[in-house]
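Read through the structure below, which is laid out as structure tokens, and then see the notes.
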Amino acid sequence: DKTRTKKDTCQDFDVSGNSRVWHDNDGMFRVASAATASGQYSVSVFLDSTHVQGSPLIKTVTSGFADVLRSFIVGDGATFLEAGDDGFFTVHTRDSFGNAMDKLFVVEAKIEGKQSTTGITQLSTRSTMNVRYLVTLAGDYTLDLTIDATVFPGSPFALLVEPGETSYTACFAEGEALTQAVAARFGTFSITARDVYGNRRTVGGDDIQIAITGESLVLGTIQDLNNGTYVGSYQISIAGV
């Protein structure tokens, strides 16, 4: 009796227009439904207001495949890093309906520039992948990112690697006034600030001082050029070694 089809319902599904029931005159009713949100659903099927055998049943809807257009990145590590720091960002994967992934996916990150390296990936949750990498040479890089071999929007990203903090053991001083000077005349020399990896600093602000001992104690002055370079100057009035 085809009139019975109007009493067959698929309950707990908010899928208006995405489910239907039909009869092929073979004594069997067929139900087709679709859900766009992953999760578990309780499905009840009634015939003449009575549950059919096995109803209600649990239907599990899993995510689709990763969609790079719905996935997103969290963290600055895809675009900025200080040399020697732990480059880090997180890829949050979603399917085309925005569901968090619940199946395996592959993230690849390749960094190209003065150094070339590949990010180390580690699954944090079923839908989240952590990416870590290490670069020690400052400069402009690119970061290529793919999910399941599909290019992530915006990739390759422009990755700027800045010098790390100043390492005083890596700084470099040069100039004749470091080894000799003329009494009563100002001697000058330059100091280049570098990080522990030898990258030249591009900003100032370091606490650099000059003190010269010999026939008398001489204090010098430091001029900060605000680009990682400092000019030291001093004046000695008494000749000597």
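Within each chain, counting starts at residue 1; across the structure tokens, chains are named A, B, ... in the order shown, with ligands numbered 1 upward in that order.
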Task: Contacts of stretch 155-163 of chain A at 12 Å (only C-alpha atoms; same-chain gap of 5+ positions) as number ranges by chain - done: A: 68, 73, 76-87, 108-115, 134-147, 150, 193-203, 227-228
Open item on the list: Set the distance at 12 Å and use only C-alpha atoms: which residues neighbour A:Val107 once local chain neighbours fewer than 2 positions away are removed? I'd like the list as a PyMOL selection string.
Closed with: chain A and resi 66+68+71+73+89-93+104-105+109-110+118-123+127-132+144-152
Serialized selection, C-alpha atoms, as a PDB file, in the first residue's frame:
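And here is the file that came out, out_13.pdb:
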```pdb
ATOM      1  CA  ALA A  66      40.084  16.974   3.686  1.00  0.00           C
ATOM      2  CA  VAL A  68      41.955  22.761   1.785  1.00  0.00           C
ATOM      3  CA  SER A  71      40.899  23.956   6.507  1.00  0.00           C
ATOM      4  CA  ILE A  73      46.242  27.370  10.046  1.00  0.00           C
ATOM      5  CA  PHE A  89      52.131  26.076  13.495  1.00  0.00           C
ATOM      6  CA  THR A  90      49.032  23.881  13.501  1.00  0.00           C
ATOM      7  CA  VAL A  91      46.937  22.766  10.541  1.00  0.00           C
ATOM      8  CA  HIS A  92      43.251  22.245  11.354  1.00  0.00           C
ATOM      9  CA  THR A  93      41.624  20.107   8.684  1.00  0.00           C
ATOM     10  CA  LEU A 104      43.743   9.923   8.110  1.00  0.00           C
ATOM     11  CA  PHE A 105      45.226  12.806   6.147  1.00  0.00           C
ATOM     12  CA  ALA A 109      55.519  21.451   4.638  1.00  0.00           C
ATOM     13  CA  LYS A 110      58.696  22.314   2.710  1.00  0.00           C
ATOM     14  CA  THR A 118      61.024  19.712   5.591  1.00  0.00           C
ATOM     15  CA  GLY A 119      58.639  20.241   8.482  1.00  0.00           C
ATOM     16  CA  ILE A 120      58.160  17.429  10.976  1.00  0.00           C
ATOM     17  CA  THR A 121      54.460  16.625  11.327  1.00  0.00           C
ATOM     18  CA  GLN A 122      52.750  15.123  14.352  1.00  0.00           C
ATOM     19  CA  LEU A 123      49.068  14.378  14.732  1.00  0.00           C
ATOM     20  CA  SER A 127      41.757  16.629  12.733  1.00  0.00           C
ATOM     21  CA  THR A 128      44.807  18.641  13.835  1.00  0.00           C
ATOM     22  CA  MET A 129      48.409  18.326  12.664  1.00  0.00           C
ATOM     23  CA  ASN A 130      51.341  20.067  14.360  1.00  0.00           C
ATOM     24  CA  VAL A 131      54.175  21.180  12.080  1.00  0.00           C
ATOM     25  CA  ARG A 132      57.675  21.903  13.423  1.00  0.00           C
ATOM     26  CA  ASP A 144      55.052  25.176   0.598  1.00  0.00           C
ATOM     27  CA  LEU A 145      52.095  23.520   2.331  1.00  0.00           C
ATOM     28  CA  THR A 146      49.880  20.715   1.056  1.00  0.00           C
ATOM     29  CA  ILE A 147      47.120  18.539   2.508  1.00  0.00           C
ATOM     30  CA  ASP A 148      46.768  15.169   0.819  1.00  0.00           C
ATOM     31  CA  ALA A 149      48.976  16.509  -2.009  1.00  0.00           C
ATOM     32  CA  THR A 150      46.591  19.457  -2.619  1.00  0.00           C
ATOM     33  CA  VAL A 151      48.137  22.916  -2.387  1.00  0.00           C
ATOM     34  CA  PHE A 152      46.904  24.937   0.588  1.00  0.00           C
TER      35      PHE A 152
END
```
Task: DSSP helix (DSSP H, G or I) residues within stretch 7-145 of chain A, listed as a list in words - done: Lys7, Asp76, Gly77 and Ala78 of chain A
Based on the selection just made, write N, CA, C and O atoms of those residues as an mmCIF file, in the first residue's frame.
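The resulting file, again.cif, is reproduced below:
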```
data_model
loop_
_atom_site.group_PDB
_atom_site.id
_atom_site.type_symbol
_atom_site.label_atom_id
_atom_site.label_comp_id
_atom_site.auth_asym_id
_atom_site.auth_seq_id
_atom_site.Cartn_x
_atom_site.Cartn_y
_atom_site.Cartn_z
ATOM 1 N N LYS A 7 3.820 7.575 6.208
ATOM 2 C CA LYS A 7 3.980 7.341 7.640
ATOM 3 C C LYS A 7 5.405 6.927 7.993
ATOM 4 O O LYS A 7 5.758 6.801 9.145
ATOM 5 N N ASP A 76 51.978 31.619 14.095
ATOM 6 C CA ASP A 76 52.764 32.521 13.245
ATOM 7 C C ASP A 76 53.874 31.815 12.485
ATOM 8 O O ASP A 76 54.500 32.411 11.608
ATOM 9 N N GLY A 77 54.143 30.559 12.825
ATOM 10 C CA GLY A 77 55.297 29.867 12.266
ATOM 11 C C GLY A 77 55.270 29.655 10.773
ATOM 12 O O GLY A 77 56.300 29.310 10.187
ATOM 13 N N ALA A 78 54.127 29.857 10.139
ATOM 14 C CA ALA A 78 54.063 29.697 8.681
ATOM 15 C C ALA A 78 54.585 30.924 7.958
ATOM 16 O O ALA A 78 54.880 30.862 6.764
#
```
TODO: Please provide the set of residues having any atom within 9 Å of A:Pro56, restricted to only C-alpha atoms, with same-chain residues fewer than 5 positions apart removed, written as a PyMOL selection string.
DONE: chain A and resi 42-45+51
- [ ] Output as a ChimeraX atom specification all residues of chain A that backbone DSSP marks as strand (DSSP E).
- [x] /A:19-23,29-33,39-43,46-47,50-51,57-61,72-74,80-82,87-92,107-112,117-118,120-125,128-133,139-147,150-151,157-162,172-174,186-192,211-212,218-219,221-224,229-235
- [ ] Work out how far apart atom CA of A:Phe46 and atom CA of A:Val21 are and give it in Å to one decimal.
- [x] 11.5 Å
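Distance annotation: of A:Phe88, A:Gly154, A:Glu174, A:Val61, the residue with the minimal separation from A:Tyr133 is A:Phe88; atom set is only C-alpha atoms.
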Open item on the list: Please determine, counting only C-alpha atoms, which residue among A:Gly75, A:Pro153, A:Gly187, A:Gly39 has the shortest atom-to-atom distance to A:Asn99.
Closed with: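 Using only C-alpha atoms, the shortest distance to A:Asn99 belongs to A:Gly39.
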Open item on the list: Can you measure atom CA of A:Lys59 to atom CA of A:Met28 for me? One decimal in Å is fine.
Closed with: 20.3 Å
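Closest to A:Ile222 among A:Ile191, A:Ala34, A:Ala170, A:Ile236 is A:Ile191, based on only C-alpha atoms.
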Task: For A:Leu219, the nearest of the candidates A:Thr117, A:Ser237, A:Ser33, A:Ser190, counting only C-alpha atoms - done: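 Result for the nearest residue to A:Leu219: A:Ser237.
Closest approach to A:Asp207 from the set A:Phe72, A:Tyr168, A:Phe97, A:Trp22 is made by A:Tyr168, with distances taken over only C-alpha atoms.
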Task: Distance in Å - atom CA of A:Ile212 versus atom CA of A:Leu225 - done: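 Interatomic distance here is 22.2 Å.
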